[in-house]
Amino acid sequence: MLHLTPQPPVPTPADLLQGLNPQQSLAVSTTEGPLLIIAGAGSGKTRVLTVRMAYLLRMGVHPSHLLALTFTNKAAQEMRDRIGKLVGQSEARSLWAGTFHSVFARMLRSHADRLGYTNTFTIYDADDQVAAIKAVMQQLGINQQNLSPTAVRSRISGAKNAMVSWQEYERQATSISDKQTAQVFAEYERRLRLSNAMDFDDLLLNMIRLLEGHADVLEAYHDKFRYILVDEYQDTNRAQYRVVNLLAKKYRNICVVGDDAQSIYRWRGADIRNILDFERDYPEATVVRLEQNYRSTKVILAAADSVIRNNAKQLKKTLWTDNADGEKITLLACRDDREEADHIVRTIRNRMETRGFSFKDIAVLYRTNAQSQALEDALRRANLPYHIVSGVSFYKRKEVKDTLAYLRLLVNPDDSESVLRVINEPIRGIGATTLKRLEAYAGEQRVSLFQVLQSIRSVPQIQSRIAAAIEDFVNLVDRHRALLQELAPASLAQQYLEATGLPRMYKDMNTEESLDRWNNIERVLDHIAEQQELDETLTLSTYLEQVSLVSEQDDPKLGTERVAMMTMHAAKGLEFPLVFIAGMEQGLFPLAKAETDPSEQEEERRLLYVGITRAERELVLSYAEKRFRFGELVYSRPSMFLSEIDPDTLSAAARPRLHSAPSIPTAPTAPTAPAAPRTVSATPRGARTGPKRSEYSQIPAPEPYGQTPEYALIRAGMRVKHPMFGVGTVLAVGGSGQTAKATVEFKGGQRKQLMLAYARLEVL
DNA sequence: AGAGCGTCGCTTTTT
DNA sequence: GCGACGCTCT
């Protein structure tokens, strides 16, 4: 490194380029004009980005002229830290580096009035969205059985990410469900407006509106942000692309960094065209490819490459490394999820003893958050320190959401979703019927729900007893809202929450569960106090924005002596000497949904690519023959991806543990019913993917099981017994593997479609 | 208005 | 296997 002295000398631009390879150096020193950096995994991307920022600063660019947009908070934080180390904290602090959403939220707050919001607008997360959509559907009398609010949410979000307005959506709608969605979409937009609220997608769309509709604002930002940098460019959606283009229009000093092989957010609207179109939109762009990998061993890189090669759609790029060959990949074949977890624990212990890894060197990655449970139990039983980088659990809890909803009301009482959450929590005698009436009234009057509550006496058909309760509620909020300017956030929150009676309610219940909830409320309050300590300018409003845009309450304590556990999505951008990837099973990874859709399958493959390339020195993969899912024991076959991994990179010791059944080569790419692979027709696919036939027998993946789940043997014509429906006859079996369904006629002529993997059918 | 019971869907990944 | 939600009864 450049400086090891306690007082780092200020590096010159030339100093900064030292130790970079020619491509990296070019990526750093090409400061003027558009620049596209294709950065393979482990190619020193983060280093290049941070050095580039430092370089710009050393070239005399003022930090306030820089804007760095990242995809996750983690990445933004890391960038800020590392730039701070290069050029000093004070300078690093005044540059704008953050996620798209947080940077845009900040900009929108200062121009909220231009778009008809106030600067206290609330940000709605996915749950708030669904709540709003449900309310709207109820209002419109749309049956939620036929059209699920969650589905509507994702359609609306998809439309917004593609910059399709509700008017446009309505025009294009042909099916009934599309037309209904358009209706909900329109009303949903109106509802959010009235609530002075934006959802995540609005943060992007409103930025576009702001910049396209207000030339002076655009000009001011052009002048402010002269150098723009976008990380994880492959994961940006069209709306983000548009904003970035608008911001960069004047100076065209835009640097984007991405790797199409690591694009794993297509499901969220990420659009790979953004990379492909860059050269079209900026024909003068310099393109730099970072292809030397500094992170991983040759074995790991070869394995990653052998997997990603199976994707048809891919930009050409060759990643190479000077690093050692390294250890071969270990594969743990396990009977069930519990054994898998124990096996991983044992392997962790073993590697620590024999190869000198320490806890902080180790990460356990998985496809779905649900898998963390079994792994966590095992680590806890074994007394190994770990932490989960998840981000969901705490803020999803009812009492926590209620607490935050109360606080949100203080800042923005028009936030109807929050009103509805807490107005009867604890019970104030304001029930669903009353609220429905009030909502309808608010809709007619085109005002927010809270405004109706504030003048409750003028609303028809409200009993005076209920009106009194509503007045108390309004009073509670208004009274404390008046204190916003006077009290520090932490003490106001404390006092206010106390007054709502919410913590009291849980405390009085005095059950184990309720005390837990009470404790969680206290944790939120403590957290506010803590944040206030860290940042004396903290307001309730900035606190709430922070928690709505940051998924984890604390940043993962990376670097502490703990094993890190997270999803592969969460692992993007991180690296660990020893990486475990658990749950390498068909139906789990790739997920069942991706098994039939080639483009989803490619995304899963890229996700595995991301997982594998997190490893620096050693990689361990594992799968279980059966595991608990949906509270039921589910059988599965090893992942098709295992058979795509170059067998030369797998350790011989890892291939063993084959089950007692004779090795019958089976096409690894054909998902078939586990026990009868040769009698069920193979699904069409596989021509393109998968290694040469001769390699099959070496690889554990395609082996059929020793123990055959009974359900796989079920065929049409068989007599079966169902624990609930009794004895019946199988009429037909459709599908294959985990998704195989049987049509069974039970006595009395009753026909049922049953999922074989779930229905515990007994063959008679 | 609220308690109690049954049904359903859920586990993809995150800002 | 669990929690959210809707329906019914009080």
# chains A, B, ... in the order shown; residues from 1 in each chain; ligands from 1

call {"tool": "interface_residues", "arguments": {"of": "chain A", "to": "chain B", "cutoff": "9 Å", "atoms": "only C-alpha atoms (C1' of nucleotides)", "output": "ChimeraX atom specification"}}
result
/A:71-72,99-102,125,200-201,264-265,267-268,367-371,429-432,549-551,567-570,588,591,629-630

call {"tool": "write_last_selection", "arguments": {"atoms": "C-alpha atoms", "output": "PDB file, in the first residue's frame"}}
result
ATOM      1  CA  PHE A  71     -26.760  -0.180  -5.596  1.00  0.00           C
ATOM      2  CA  THR A  72     -26.585  -1.043  -1.915  1.00  0.00           C
ATOM      3  CA  THR A  99     -27.650   4.366  -3.238  1.00  0.00           C
ATOM      4  CA  PHE A 100     -29.809   5.622  -6.050  1.00  0.00           C
ATOM      5  CA  HIS A 101     -32.744   5.657  -3.705  1.00  0.00           C
ATOM      6  CA  SER A 102     -31.135   7.495  -0.823  1.00  0.00           C
ATOM      7  CA  ASP A 125     -41.894   0.096   1.341  1.00  0.00           C
ATOM      8  CA  PHE A 200     -39.443   3.179  -3.959  1.00  0.00           C
ATOM      9  CA  ASP A 201     -40.180   3.475  -7.639  1.00  0.00           C
ATOM     10  CA  ILE A 264     -28.829 -10.665 -10.641  1.00  0.00           C
ATOM     11  CA  TYR A 265     -31.645  -8.175 -10.325  1.00  0.00           C
ATOM     12  CA  TRP A 267     -36.494  -9.611 -11.566  1.00  0.00           C
ATOM     13  CA  ARG A 268     -36.515  -6.134 -10.150  1.00  0.00           C
ATOM     14  CA  ARG A 367     -30.332 -18.962  -2.032  1.00  0.00           C
ATOM     15  CA  THR A 368     -33.215 -18.077   0.249  1.00  0.00           C
ATOM     16  CA  ASN A 369     -33.355 -16.471   3.639  1.00  0.00           C
ATOM     17  CA  ALA A 370     -35.431 -19.365   4.915  1.00  0.00           C
ATOM     18  CA  GLN A 371     -32.377 -21.602   4.732  1.00  0.00           C
ATOM     19  CA  GLY A 429     -62.828   1.397  19.615  1.00  0.00           C
ATOM     20  CA  ILE A 430     -62.300   2.667  16.097  1.00  0.00           C
ATOM     21  CA  GLY A 431     -63.187  -0.309  13.970  1.00  0.00           C
ATOM     22  CA  ALA A 432     -63.053  -1.374  10.372  1.00  0.00           C
ATOM     23  CA  LEU A 549     -33.977   2.837   2.822  1.00  0.00           C
ATOM     24  CA  VAL A 550     -31.564   0.744   4.839  1.00  0.00           C
ATOM     25  CA  SER A 551     -32.502  -2.836   5.192  1.00  0.00           C
ATOM     26  CA  THR A 567     -28.003 -14.804   0.725  1.00  0.00           C
ATOM     27  CA  MET A 568     -25.940 -14.721  -2.416  1.00  0.00           C
ATOM     28  CA  HIS A 569     -27.668 -11.500  -3.363  1.00  0.00           C
ATOM     29  CA  ALA A 570     -26.468  -9.916  -0.174  1.00  0.00           C
ATOM     30  CA  LEU A 588     -34.016 -24.497  -4.565  1.00  0.00           C
ATOM     31  CA  LEU A 591     -35.531 -22.248  -7.784  1.00  0.00           C
ATOM     32  CA  ARG A 629     -39.762 -26.513   3.251  1.00  0.00           C
ATOM     33  CA  PHE A 630     -43.215 -25.181   4.009  1.00  0.00           C
TER      34      PHE A 630
END

call {"tool": "interface_residues", "arguments": {"of": "chain C", "to": "chain A", "cutoff": "12 Å", "atoms": "only C-alpha atoms (C1' of nucleotides)", "output": "list in words"}}
result
DG1, DC2, DG3, DA4, DC5 and DG6 of chain C

call {"tool": "write_last_selection", "arguments": {"atoms": "all heavy atoms", "output": "CSV table (one decimal), in the first residue's frame"}}
result
chain,number,residue,atom,x,y,z
C,1,DG,P,-44.5,-28.8,12.4
C,1,DG,OP1,-44.0,-29.4,13.6
C,1,DG,OP2,-45.8,-28.3,12.4
C,1,DG,O5',-43.3,-27.7,12.1
C,1,DG,C5',-43.5,-27.1,10.8
C,1,DG,C4',-43.7,-25.6,11.1
C,1,DG,O4',-44.2,-25.1,9.8
C,1,DG,C3',-44.8,-25.3,12.1
C,1,DG,O3',-44.4,-24.2,12.8
C,1,DG,C2',-46.0,-25.0,11.4
C,1,DG,C1',-45.5,-24.6,10.0
C,1,DG,N9,-46.3,-25.2,8.9
C,1,DG,C8,-47.0,-26.4,8.9
C,1,DG,N7,-47.6,-26.6,7.7
C,1,DG,C5,-47.3,-25.4,7.0
C,1,DG,C6,-47.7,-25.1,5.7
C,1,DG,O6,-48.4,-25.7,4.9
C,1,DG,N1,-47.2,-23.8,5.3
C,1,DG,C2,-46.4,-23.0,6.1
C,1,DG,N2,-46.0,-21.9,5.6
C,1,DG,N3,-46.0,-23.4,7.3
C,1,DG,C4,-46.5,-24.6,7.7
C,2,DC,P,-45.1,-23.4,13.9
C,2,DC,OP1,-44.6,-23.9,15.2
C,2,DC,OP2,-46.6,-23.4,13.7
C,2,DC,O5',-44.6,-21.9,13.7
C,2,DC,C5',-44.0,-21.5,12.5
C,2,DC,C4',-44.8,-20.4,11.8
C,2,DC,O4',-45.5,-21.0,10.7
C,2,DC,C3',-45.8,-19.7,12.7
C,2,DC,O3',-45.5,-18.3,12.8
C,2,DC,C2',-47.1,-19.9,12.0
C,2,DC,C1',-46.7,-20.3,10.6
C,2,DC,N1,-47.7,-21.1,9.9
C,2,DC,C2,-48.1,-20.8,8.6
C,2,DC,O2,-47.6,-19.8,8.1
C,2,DC,N3,-49.0,-21.6,7.9
C,2,DC,C4,-49.4,-22.7,8.6
C,2,DC,N4,-50.3,-23.5,7.9
C,2,DC,C5,-49.1,-23.0,9.9
C,2,DC,C6,-48.2,-22.2,10.5
C,3,DG,P,-46.1,-17.4,13.8
C,3,DG,OP1,-45.1,-17.0,14.8
C,3,DG,OP2,-47.4,-17.9,14.3
C,3,DG,O5',-46.5,-16.1,13.0
C,3,DG,C5',-45.7,-15.8,11.7
C,3,DG,C4',-46.7,-15.3,10.7
C,3,DG,O4',-47.5,-16.3,10.1
C,3,DG,C3',-47.7,-14.3,11.3
C,3,DG,O3',-47.8,-13.2,10.4
C,3,DG,C2',-49.0,-15.1,11.4
C,3,DG,C1',-48.8,-15.9,10.1
C,3,DG,N9,-49.6,-17.2,10.2
C,3,DG,C8,-49.8,-18.1,11.2
C,3,DG,N7,-50.5,-19.1,10.9
C,3,DG,C5,-50.9,-18.9,9.6
C,3,DG,C6,-51.6,-19.7,8.7
C,3,DG,O6,-52.2,-20.7,8.9
C,3,DG,N1,-51.7,-19.1,7.4
C,3,DG,C2,-51.1,-17.9,7.1
C,3,DG,N2,-51.3,-17.5,5.8
C,3,DG,N3,-50.4,-17.2,7.9
C,3,DG,C4,-50.3,-17.7,9.1
C,4,DA,P,-48.4,-11.8,10.9
C,4,DA,OP1,-47.2,-10.9,11.0
C,4,DA,OP2,-49.2,-12.0,12.1
C,4,DA,O5',-49.3,-11.3,9.7
C,4,DA,C5',-48.9,-11.6,8.4
C,4,DA,C4',-50.1,-11.8,7.5
C,4,DA,O4',-50.6,-13.1,7.7
C,4,DA,C3',-51.2,-10.8,7.8
C,4,DA,O3',-51.7,-10.2,6.6
C,4,DA,C2',-52.3,-11.6,8.5
C,4,DA,C1',-52.0,-13.0,7.8
C,4,DA,N9,-52.5,-14.1,8.6
C,4,DA,C8,-52.2,-14.4,10.0
C,4,DA,N7,-52.7,-15.5,10.4
C,4,DA,C5,-53.3,-16.0,9.3
C,4,DA,C6,-54.1,-17.2,9.1
C,4,DA,N6,-54.3,-18.1,10.1
C,4,DA,N1,-54.6,-17.4,7.9
C,4,DA,C2,-54.4,-16.5,6.9
C,4,DA,N3,-53.7,-15.4,7.0
C,4,DA,C4,-53.2,-15.2,8.2
C,5,DC,P,-52.7,-9.1,6.6
C,5,DC,OP1,-52.4,-8.2,5.5
C,5,DC,OP2,-52.9,-8.6,8.0
C,5,DC,O5',-54.1,-9.8,6.2
C,5,DC,C5',-54.1,-10.7,5.1
C,5,DC,C4',-55.4,-11.4,5.0
C,5,DC,O4',-55.4,-12.5,5.9
C,5,DC,C3',-56.6,-10.5,5.4
C,5,DC,O3',-57.6,-10.7,4.4
C,5,DC,C2',-57.0,-11.0,6.7
C,5,DC,C1',-56.7,-12.5,6.6
C,5,DC,N1,-56.5,-13.2,7.9
C,5,DC,C2,-57.0,-14.5,8.1
C,5,DC,O2,-57.6,-15.0,7.1
C,5,DC,N3,-56.8,-15.1,9.3
C,5,DC,C4,-56.1,-14.5,10.3
C,5,DC,N4,-56.0,-15.1,11.4
C,5,DC,C5,-55.6,-13.2,10.1
C,5,DC,C6,-55.8,-12.5,8.9
C,6,DG,P,-58.8,-9.6,4.3
C,6,DG,OP1,-58.5,-8.7,3.2
C,6,DG,OP2,-59.0,-9.0,5.7
C,6,DG,O5',-60.0,-10.6,4.0
C,6,DG,C5',-59.8,-11.9,3.5
C,6,DG,C4',-60.9,-12.8,3.9
C,6,DG,O4',-60.6,-13.4,5.2
C,6,DG,C3',-62.3,-12.1,4.2
C,6,DG,O3',-63.3,-12.9,3.8
C,6,DG,C2',-62.2,-11.9,5.7
C,6,DG,C1',-61.6,-13.2,6.1
C,6,DG,N9,-60.9,-13.1,7.4
C,6,DG,C8,-60.1,-12.1,7.9
C,6,DG,N7,-59.7,-12.3,9.1
C,6,DG,C5,-60.2,-13.6,9.4
C,6,DG,C6,-60.0,-14.4,10.6
C,6,DG,O6,-59.3,-14.1,11.6
C,6,DG,N1,-60.7,-15.6,10.5
C,6,DG,C2,-61.4,-16.0,9.4
C,6,DG,N2,-62.0,-17.2,9.5
C,6,DG,N3,-61.6,-15.3,8.3
C,6,DG,C4,-60.9,-14.1,8.4

call {"tool": "residues_around", "arguments": {"residues": "Glu219 of chain A", "least_positions_apart": "4", "cutoff": "12 Å", "atoms": "only C-alpha atoms (C1' of nucleotides)", "output": "JSON, numbers by chain"}}
result
{"A": [210, 211, 212, 213, 214, 215, 223, 224, 225, 226, 246, 247, 248, 249, 250, 251]}

call {"tool": "select_by_dssp", "arguments": {"residues": "segment 525-584 of chain A", "states": "strand (DSSP E)", "output": "ChimeraX atom specification"}}
result
/A:563-567,576-581

call {"tool": "write_last_selection", "arguments": {"atoms": "C-alpha atoms", "output": "CSV table (one decimal), in the first residue's frame"}}
result
chain,number,residue,atom,x,y,z
A,563,VAL,CA,-18.8,-16.5,10.4
A,564,ALA,CA,-20.9,-14.4,8.0
A,565,MET,CA,-24.2,-15.8,6.8
A,566,MET,CA,-26.2,-14.3,4.0
A,567,THR,CA,-28.0,-14.8,0.7
A,576,PHE,CA,-14.1,-14.2,1.8
A,577,PRO,CA,-11.2,-16.6,1.9
A,578,LEU,CA,-13.5,-19.6,2.5
A,579,VAL,CA,-17.0,-19.7,1.1
A,580,PHE,CA,-19.7,-22.2,1.6
A,581,ILE,CA,-22.7,-22.4,-0.7

call {"tool": "select_by_dssp", "arguments": {"residues": "segment 321-413 of chain A", "states": "helix (DSSP H, G or I)", "output": "PyMOL selection string"}}
result
chain A and resi 337-355+359-361+369-381+393-396+398-411
